[in-house]
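Data block for query.cif (mmCIF, C-alpha atoms):
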```cif
data_data
#
loop_
_atom_site.group_PDB
_atom_site.id
_atom_site.type_symbol
_atom_site.label_atom_id
_atom_site.label_comp_id
_atom_site.auth_asym_id
_atom_site.auth_seq_id
_atom_site.Cartn_x
_atom_site.Cartn_y
_atom_site.Cartn_z
ATOM 1 C CA MET T 1 13.841 32.405 -66.520
ATOM 2 C CA GLY T 2 13.267 30.171 -63.492
ATOM 3 C CA ILE T 3 9.966 29.045 -62.077
ATOM 4 C CA ARG T 4 6.416 30.158 -62.895
ATOM 5 C CA ALA T 5 4.763 31.139 -59.632
ATOM 6 C CA TYR T 6 1.783 32.981 -58.224
ATOM 7 C CA ILE T 7 2.886 35.598 -55.683
ATOM 8 C CA ASP T 8 0.619 35.731 -52.632
ATOM 9 C CA THR T 9 -0.437 39.010 -51.029
ATOM 10 C CA ASN T 10 1.621 38.504 -47.874
ATOM 11 C CA ILE T 11 4.866 38.477 -49.879
ATOM 12 C CA ILE T 12 4.123 42.029 -51.059
ATOM 13 C CA VAL T 13 3.202 43.187 -47.543
ATOM 14 C CA TYR T 14 6.325 41.733 -45.927
ATOM 15 C CA ALA T 15 8.534 43.263 -48.614
ATOM 16 C CA VAL T 16 7.130 46.801 -48.586
ATOM 17 C CA PHE T 17 7.006 46.996 -44.795
ATOM 18 C CA HIS T 18 10.503 45.467 -44.419
ATOM 19 C CA HIS T 19 9.263 42.797 -42.015
ATOM 20 C CA THR T 20 12.016 41.906 -39.546
ATOM 21 C CA LYS T 21 11.917 38.168 -40.260
ATOM 22 C CA TYR T 22 10.663 37.920 -43.863
ATOM 23 C CA GLY T 23 11.283 41.371 -45.353
ATOM 24 C CA SER T 24 14.595 40.837 -47.144
ATOM 25 C CA GLU T 25 13.543 37.403 -48.456
ATOM 26 C CA CYS T 26 10.310 38.850 -49.848
ATOM 27 C CA GLU T 27 12.153 41.822 -51.351
ATOM 28 C CA LYS T 28 14.417 39.328 -53.171
ATOM 29 C CA ILE T 29 11.360 37.541 -54.591
ATOM 30 C CA LEU T 30 9.912 40.806 -55.912
ATOM 31 C CA TYR T 31 13.340 41.809 -57.261
ATOM 32 C CA ASP T 32 13.548 38.503 -59.146
ATOM 33 C CA ALA T 33 10.010 38.970 -60.472
ATOM 34 C CA GLN T 34 10.776 42.498 -61.618
ATOM 35 C CA ASN T 35 13.933 41.362 -63.401
ATOM 36 C CA GLY T 36 12.349 38.325 -65.065
ATOM 37 C CA ARG T 37 14.269 35.759 -63.041
ATOM 38 C CA ILE T 38 10.918 34.204 -62.173
ATOM 39 C CA GLU T 39 7.762 34.301 -64.247
ATOM 40 C CA ALA T 40 5.539 35.935 -61.647
ATOM 41 C CA TYR T 41 1.756 35.865 -61.643
ATOM 42 C CA GLY T 42 -0.763 37.677 -59.517
ATOM 43 C CA SER T 43 -4.258 39.051 -59.756
ATOM 44 C CA TYR T 44 -6.458 42.009 -59.036
ATOM 45 C CA LEU T 45 -7.587 40.065 -55.961
ATOM 46 C CA VAL T 46 -4.102 40.682 -54.526
ATOM 47 C CA ALA T 47 -4.538 44.406 -55.254
ATOM 48 C CA ILE T 48 -7.973 44.337 -53.592
ATOM 49 C CA GLU T 49 -6.546 42.589 -50.524
ATOM 50 C CA LEU T 50 -3.704 45.123 -50.315
ATOM 51 C CA LEU T 51 -6.020 48.101 -50.659
ATOM 52 C CA GLY T 52 -8.576 46.699 -48.220
ATOM 53 C CA SER T 53 -6.302 45.472 -45.460
ATOM 54 C CA LEU T 54 -3.778 48.317 -45.590
ATOM 55 C CA SER T 55 -6.526 50.967 -45.613
ATOM 56 C CA ARG T 56 -7.192 50.005 -41.988
ATOM 57 C CA ILE T 57 -3.669 51.214 -41.217
ATOM 58 C CA ASP T 58 -3.449 54.193 -43.565
ATOM 59 C CA PRO T 59 -5.396 54.809 -46.808
ATOM 60 C CA VAL T 60 -2.478 56.730 -48.359
ATOM 61 C CA ILE T 61 -0.075 53.850 -47.720
ATOM 62 C CA ALA T 62 -2.699 51.424 -49.048
ATOM 63 C CA TYR T 63 -2.959 53.434 -52.256
ATOM 64 C CA LYS T 64 0.830 53.633 -52.708
ATOM 65 C CA VAL T 65 1.391 49.918 -52.053
ATOM 66 C CA THR T 66 -1.435 48.969 -54.434
ATOM 67 C CA LYS T 67 -0.014 51.267 -57.111
ATOM 68 C CA TYR T 68 3.448 49.730 -56.550
ATOM 69 C CA TYR T 69 2.013 46.208 -56.892
ATOM 70 C CA LEU T 70 0.225 47.055 -60.134
ATOM 71 C CA ALA T 71 3.487 48.429 -61.585
ATOM 72 C CA LEU T 72 5.472 45.247 -60.872
ATOM 73 C CA ASN T 73 6.463 42.834 -63.634
ATOM 74 C CA ILE T 74 3.677 40.446 -62.644
ATOM 75 C CA LYS T 75 1.282 38.895 -65.144
ATOM 76 C CA MET T 76 -2.314 39.319 -64.021
ATOM 77 C CA CYS T 77 -4.555 36.260 -63.939
ATOM 78 C CA GLU T 78 -8.071 37.178 -64.967
ATOM 79 C CA LEU T 79 -10.712 36.967 -62.267
ATOM 80 C CA ASN T 80 -14.049 35.972 -63.791
ATOM 81 C CA GLU T 81 -17.188 33.897 -63.224
ATOM 82 C CA LEU T 82 -15.384 30.637 -64.025
ATOM 83 C CA THR T 83 -12.706 31.428 -61.438
ATOM 84 C CA LEU T 84 -15.323 32.110 -58.782
ATOM 85 C CA THR T 85 -17.199 28.905 -59.599
ATOM 86 C CA ILE T 86 -14.001 26.862 -59.304
ATOM 87 C CA ALA T 87 -13.173 28.699 -56.057
ATOM 88 C CA GLY T 88 -16.589 27.792 -54.681
ATOM 89 C CA ILE T 89 -15.937 24.096 -55.286
ATOM 90 C CA ILE T 90 -12.473 24.369 -53.721
ATOM 91 C CA ASN T 91 -13.912 26.137 -50.693
ATOM 92 C CA THR T 92 -16.473 23.376 -50.081
ATOM 93 C CA ILE T 93 -13.562 20.964 -49.696
ATOM 94 C CA VAL T 94 -11.054 23.016 -47.679
ATOM 95 C CA ASN T 95 -12.812 26.275 -46.660
ATOM 96 C CA VAL T 96 -9.841 28.574 -47.124
ATOM 97 C CA ARG T 97 -11.887 31.628 -48.152
ATOM 98 C CA TYR T 98 -9.859 34.008 -50.354
ATOM 99 C CA ASP T 99 -7.114 31.437 -50.842
ATOM 100 C CA ALA T 100 -9.678 29.326 -52.721
ATOM 101 C CA ILE T 101 -9.902 32.185 -55.228
ATOM 102 C CA HIS T 102 -6.109 32.427 -55.469
ATOM 103 C CA LEU T 103 -5.928 28.669 -56.124
ATOM 104 C CA ALA T 104 -8.709 28.886 -58.718
ATOM 105 C CA LEU T 105 -6.771 31.649 -60.481
ATOM 106 C CA MET T 106 -3.650 29.490 -60.449
ATOM 107 C CA LEU T 107 -5.458 26.439 -61.808
ATOM 108 C CA SER T 108 -7.163 28.491 -64.523
ATOM 109 C CA HIS T 109 -3.708 29.539 -65.741
ATOM 110 C CA ASP T 110 -1.926 26.177 -65.252
ATOM 111 C CA ILE T 111 0.278 27.574 -62.468
ATOM 112 C CA ASP T 112 1.396 24.858 -60.062
ATOM 113 C CA THR T 113 3.492 26.957 -57.669
ATOM 114 C CA ILE T 114 2.625 29.600 -55.092
ATOM 115 C CA ILE T 115 5.090 31.688 -53.141
ATOM 116 C CA THR T 116 3.507 32.487 -49.781
ATOM 117 C CA ASN T 117 4.175 32.740 -46.085
ATOM 118 C CA ASP T 118 0.576 31.768 -45.278
ATOM 119 C CA LEU T 119 1.755 28.211 -44.834
ATOM 120 C CA ASP T 120 -1.019 26.822 -42.620
ATOM 121 C CA ASP T 121 -3.764 27.270 -45.231
ATOM 122 C CA TRP T 122 -1.579 26.391 -48.212
ATOM 123 C CA ILE T 123 -0.223 23.217 -46.621
ATOM 124 C CA ARG T 124 -3.842 22.245 -45.919
ATOM 125 C CA ILE T 125 -4.716 22.991 -49.560
ATOM 126 C CA LYS T 126 -1.721 20.957 -50.753
ATOM 127 C CA ARG T 127 -2.647 18.053 -48.470
ATOM 128 C CA ASN T 128 -6.177 18.038 -49.946
ATOM 129 C CA TYR T 129 -5.189 18.834 -53.536
ATOM 130 C CA LYS T 130 -5.965 15.359 -54.910
ATOM 131 C CA ARG T 131 -9.527 15.664 -53.570
ATOM 132 C CA ILE T 132 -9.824 19.185 -54.963
ATOM 133 C CA ARG T 133 -8.560 18.138 -58.395
ATOM 134 C CA LYS T 134 -10.809 15.065 -58.468
ATOM 135 C CA ALA T 135 -13.885 17.161 -57.616
ATOM 136 C CA LEU T 136 -13.059 19.702 -60.323
ATOM 137 C CA LEU T 137 -12.422 17.003 -62.935
ATOM 138 C CA GLU T 138 -15.733 15.355 -62.014
ATOM 139 C CA GLU T 139 -17.390 18.713 -62.747
ATOM 140 C CA ASN T 140 -15.652 18.666 -66.174
ATOM 141 C CA TYR T 141 -13.154 21.442 -65.470
ATOM 142 C CA ASP T 142 -9.909 21.111 -67.413
ATOM 143 C CA ILE T 143 -7.405 21.042 -64.548
ATOM 144 C CA ARG T 144 -3.905 20.349 -65.835
ATOM 145 C CA VAL T 145 -2.004 20.996 -62.610
ATOM 146 C CA ARG T 146 -1.275 17.544 -61.184
ATOM 147 C CA GLU T 147 0.657 18.584 -58.095
ATOM 148 C CA LEU T 148 0.737 21.795 -56.105
ATOM 149 C CA LYS T 149 4.032 23.314 -54.934
ATOM 150 C CA VAL T 150 4.121 25.671 -51.961
ATOM 151 C CA ILE T 151 7.246 27.784 -51.558
ATOM 152 C CA SER T 152 7.816 30.100 -48.602
ATOM 153 C CA SER T 153 10.075 33.122 -48.677
ATOM 154 C CA SER T 154 12.528 31.095 -46.573
ATOM 155 C CA THR T 155 12.636 28.136 -48.977
ATOM 156 C CA TYR T 156 12.639 30.317 -52.115
ATOM 157 C CA LYS T 157 16.441 30.594 -52.264
ATOM 158 C CA GLN T 158 16.745 26.779 -52.236
ATOM 159 C CA VAL T 159 14.446 26.493 -55.255
ATOM 160 C CA MET T 160 16.175 29.193 -57.282
#
```

Structure re-expressed in structure tokens:
Amino acid sequence: MGIRAYIDTNIIVYAVFHHTKYGSECEKILYDAQNGRIEAYGSYLVAIELLGSLSRIDPVIAYKVTKYYLALNIKMCELNELTLTIAGIINTIVNVRYDAIHLALMLSHDIDTIITNDLDDWIRIKRNYKRIRKALLEENYDIRVRELKVISSSTYKQVM
């Protein structure tokens, strides 16, 4: 098994819709997750984002994509009150909305790597990670992730 990584929502979307630029790369990531080549993590927040955003296009497609996601070989990080509290602190520092929840889920499960194509927000999170970690430690949260790694679908093949 290779890396442990949280799979962001956009990776699923690009894969299932065969995006012209990112589709095949994202399909490879999901293939590797399904076959245990990477230890993939996700959350019900990803399912909520898929169902919500894709329902604007077509509720039937949204349902099918969400069902597909839930059937993948992806370990689900539990979303709970602690996660939301940590996300609130993160958001006061970098205001990245839902990505603060994704990061809180990662930190709660000692996951230091995200695979995403939402690079603007995640590079900003990475750039501010020392401040985020310091604030969480000052609030007595047990944050073991020392450094955050951001992998895009394009750089994934270099890491694997």

- Using all atoms listed in the file, pick whichever of T:Leu119, T:Leu136, T:Ile111, T:Ile7 has the shortest atom-to-atom distance to Leu148 (chain T). T:Ile111

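Residue nearest Arg146 (chain T) within the list T:Ile132, T:Ile114, T:Ala100, T:Leu50: T:Ile132 [criterion: smallest interatomic distance, all atoms listed in the file].
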
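Residue nearest Asp121 (chain T) within the list T:Glu39, T:Asp32, T:Glu147, T:Asp99: T:Asp99 [criterion: smallest interatomic distance, all atoms listed in the file].
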
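CA of Ser152 (chain T) is found 14.4 Å from CA of Ile125 (chain T).
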
- Item | Result set of the PyMOL selection byres ((chain T and resi 79) around 8) on the coordinates above, as JSON, numbers by chain | {"T": [43, 44, 45, 77, 78, 80, 81, 83, 84, 105]}

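CA of Tyr68 (chain T) to CA of Leu51 (chain T) spans 11.3 Å [interatomic distance, one decimal].
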
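Those residues returned by the PyMOL selection byres ((chain T and resi 12) around 10) for this file are Ile7, Asp8, Thr9, Asn10, Ile11, Val13, Tyr14, Ala15, Val16, Phe17, His18, Gly23, Cys26, Glu27, Ile29, Leu30, Val46, Ala47, Leu50, Val65, Thr66, Tyr68, Tyr69 and Thr116 of chain T.
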
Those residues you just picked out, can you put them in a file as a short mmCIF file (atom, residue, chain, number, x, y, z; two decimals), in the frame of the given file with C-alpha atoms?
```cif
data_model
loop_
_atom_site.label_atom_id
_atom_site.label_comp_id
_atom_site.auth_asym_id
_atom_site.auth_seq_id
_atom_site.Cartn_x
_atom_site.Cartn_y
_atom_site.Cartn_z
CA ILE T 7 2.89 35.60 -55.68
CA ASP T 8 0.62 35.73 -52.63
CA THR T 9 -0.44 39.01 -51.03
CA ASN T 10 1.62 38.50 -47.87
CA ILE T 11 4.87 38.48 -49.88
CA VAL T 13 3.20 43.19 -47.54
CA TYR T 14 6.32 41.73 -45.93
CA ALA T 15 8.53 43.26 -48.61
CA VAL T 16 7.13 46.80 -48.59
CA PHE T 17 7.01 47.00 -44.80
CA HIS T 18 10.50 45.47 -44.42
CA GLY T 23 11.28 41.37 -45.35
CA CYS T 26 10.31 38.85 -49.85
CA GLU T 27 12.15 41.82 -51.35
CA ILE T 29 11.36 37.54 -54.59
CA LEU T 30 9.91 40.81 -55.91
CA VAL T 46 -4.10 40.68 -54.53
CA ALA T 47 -4.54 44.41 -55.25
CA LEU T 50 -3.70 45.12 -50.32
CA VAL T 65 1.39 49.92 -52.05
CA THR T 66 -1.44 48.97 -54.43
CA TYR T 68 3.45 49.73 -56.55
CA TYR T 69 2.01 46.21 -56.89
CA THR T 116 3.51 32.49 -49.78
#
```
